[in-house]
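Peer 1: Provided herewith is a single structure, encoded as structure tokens, for subsequent inquiry.
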Amino acid sequence: MKRRKWMICLLVLAVALGLCGCGQNNAVSAAEPLMLPVEPIRPVKTERKQLIGEKESMIEYAAPLAYVLAYPHMSNEEINNQILDFVQGLKGAFAEQYDVKDEKEKRRLTQKDCDKFLYLDYDSYVVSEDKVCIVFYETQELGQDVLPVERVHIFHFDTNTGQRIVEKDIRKDGFLEAASAYTIQYFTQNEPYKDRIFGDYKTTLAPDAGRFERFALNSEGVIFYFDRYDIFPGSLGRVDLLIPYSELPGLLNGVGVEAPPVAEEEETEPIQPIEKPEREIDPDKPMVALTFDDGPKPAQTERILDALEKYGVVATFFDLGSLVEAYPDTVKRELELGCEVGSHSYSHKNFNTLSEEAIAEDVKKTEEAFRNTIGVEPTVFRPPYGNCNDFVKEHIPLAMVTWSVDTLDWKSKDPDAIMKVIRSQGDLDGKVILMHGIYETSAEATEELVPYLLKQGYQLVTVSEMAQYKHGEQLEAGKLYGYSYFQ
């Protein structure tokens, strides 16, 4: 109780100082957002919050409840009315849930009986000339032995009309997939997150898991909010991640970076398929197939391609349709080097949970992404997570390929550990090795792995070449080629 009284007194003092011009804010944030550098290689200076409009505060004791609520007053009255409705609604819902219903008992309460507190602070951002974003941070303190309730509320407004803009009208197809891929890569490669992320984070951070539908915009990029205990220990608190607009080209309406324009003459001319260089393969010599999932991701995938090109060898890339659209130059280079490019679905959904219609839609979107970007459709498919039950097999019109050696590169993030897994396999002749094209550590391992395999006498082939030269057959649509096949 004493701790809470001290906290609210401190907040009131901070508000008073702010109103007197002694500080930038009129209230202390109950959960100051952790703004992070988001460039995977080098830290980037990100824009801090801006003070838009005049900051107003509502401080009220209504035992057993107390409120310290901060919100902006804008020049646009339509926006002000929506903000005030939100604040009053938040206050009313808190009172409805926790206030004493007996009027006689309530009259006996005094300020010292306040034991439930509602705090509200905010950040505000200028997104563009006609758009602003306000992010409210709500914290409920409900008792000594009860964890605080923390929520983030996001509002985007058109400053010309005063109308609210909902996030689903801002994002385009492919946005969720690109945001998911970037977030997984960032959190698994950077401190203090890479060794503290827990649970099945690939599922938690999947495009369709709901973590990327809420976001804030500022002049630099898109900010996502991950609640305490969501994917990290509670000691990290709420984690905020800013993804630069440059990482989401053409995936937002009216803001961000537009996708490169297509030349007029290319709009009516069909894309010519890329011719692969001829290679000689000796069916009597040992061979192994390297495969890379989840890409392309330019920095990491290009580094892998550099290693393949240096030694004149190839691999198979199972790419996501959404990222094929986002990074066509990287996919074209995969083909130009003679590599095989297969489908890893459009957005990495778990196909074992999809309906026939959903599978057909994903296959169609992926085919269109490949055809419109590189001029060819995929002929091989690797199901996300390797999940491929009988129902999926019946409805995928492609040859389905899994693997026989799992390096667990996504888990170890360690080139030495990746190499250790491969060396422990013994004879690799006829095997398909699973890696991922989105991790720096996997790219680093590839630079060591390629010359190692060549020195051991292996030819590096694609999965289709493996079937052709090792098994004397062509991969067939609708058939699964898995662990037992590539042994």
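How things are named: the first chain in the structure tokens is A, the next is B, and so on; residues count from 1 in each chain; ligands count from 1 in the order shown.
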Could you pull the residues within 7 Å of stretch 107-122 of chain A, counting only C-alpha atoms, minus those fewer than 6 positions along the same chain, as a list in words?
Peer 2: Met1, Ala27, Ser29, Ala30, Tyr61, Ala63, Pro64, Leu65, Ala66, Tyr67, Val68, Leu69, Ala70, Tyr71, Ile134, Val135, Phe136, Tyr137, Glu138, Thr139, Gln140, Glu141, Leu142 and Gly143 of chain A
Peer 1: Please identify the helix (DSSP H, G or I) residues within stretch 218-323 of chain A (assignment by DSSP from backbone atoms) and present them as a list in words.
Peer 2: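 Matching residues, listed in order: Gly234, Ser235, Leu236, Tyr245, Ser246, Glu247, Glu264, Glu265, Glu266, Glu267, Thr268, Pro298, Ala299, Gln300, Thr301, Glu302, Arg303, Ile304, Leu305, Asp306, Ala307, Leu308, Glu309, Lys310, Tyr311, Gly321, Ser322 and Leu323 of chain A.
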Peer 1: Generate the output file for the selected residues, C-alpha atoms, as a short mmCIF file (atom, residue, chain, number, x, y, z; two decimals), in the first residue's frame.
Peer 2:
```
data_model
loop_
_atom_site.label_atom_id
_atom_site.label_comp_id
_atom_site.auth_asym_id
_atom_site.auth_seq_id
_atom_site.Cartn_x
_atom_site.Cartn_y
_atom_site.Cartn_z
CA GLY A 234 9.15 -11.03 -17.88
CA SER A 235 12.38 -9.28 -16.88
CA LEU A 236 12.58 -7.77 -20.38
CA TYR A 245 10.25 1.03 -44.20
CA SER A 246 13.11 -0.12 -46.43
CA GLU A 247 12.53 -3.68 -45.17
CA GLU A 264 6.25 0.19 -69.19
CA GLU A 265 7.71 -2.08 -71.82
CA GLU A 266 7.92 -4.88 -69.25
CA GLU A 267 4.25 -4.64 -68.34
CA THR A 268 3.13 -6.17 -71.61
CA PRO A 298 19.12 -10.49 -49.42
CA ALA A 299 22.06 -9.99 -47.03
CA GLN A 300 22.16 -13.61 -45.87
CA THR A 301 21.05 -15.34 -49.07
CA GLU A 302 23.49 -13.33 -51.18
CA ARG A 303 26.31 -14.40 -48.89
CA ILE A 304 25.30 -18.04 -49.40
CA LEU A 305 25.19 -17.48 -53.16
CA ASP A 306 28.66 -15.94 -53.05
CA ALA A 307 29.96 -19.15 -51.47
CA LEU A 308 28.22 -21.33 -54.07
CA GLU A 309 29.47 -19.19 -56.96
CA LYS A 310 33.03 -19.17 -55.61
CA TYR A 311 33.23 -22.96 -55.87
CA GLY A 321 6.23 -16.52 -52.39
CA SER A 322 5.83 -13.28 -50.45
CA LEU A 323 9.61 -12.83 -50.27
#
```
Peer 1: Which residues, written as a list in words, have at least one atom at most 7 Å from stretch 403-420 of chain A, with only C-alpha atoms counted and residues fewer than 2 positions away on the same chain left out?
Peer 2: Val401, Ile422, Arg423, Ser424, Lys431, Val432, Ile433, Leu434, Met435, Thr441, Ser442, Glu444, Ala445, Leu449, Gly482, Tyr483, Phe486 and Gln487 of chain A
Peer 1: Just give me the gap between atom CA of A:His436 and atom CA of A:Glu356 in Å, one decimal is fine.
Peer 2: 27.7 Å
Peer 1: As number ranges by chain, please: all residues of stretch 429-475 of chain A that backbone DSSP puts in strand (DSSP E).
Peer 2: A: 431-436, 459-460
Peer 1: Would you export the selected residues with C-alpha atoms as a compact mmCIF listing (two decimals), in the first residue's frame, please?
Peer 2:
```
# COMPACT_ATOMS: atom_id res chain seq x y z
CA LYS A 431 21.41 -37.13 -48.51
CA VAL A 432 19.54 -33.81 -48.46
CA ILE A 433 20.75 -31.28 -45.88
CA LEU A 434 18.32 -28.78 -44.36
CA MET A 435 19.46 -25.24 -43.57
CA HIS A 436 17.86 -21.80 -43.66
CA GLN A 459 29.25 -33.40 -55.91
CA LEU A 460 26.78 -30.70 -54.84
```
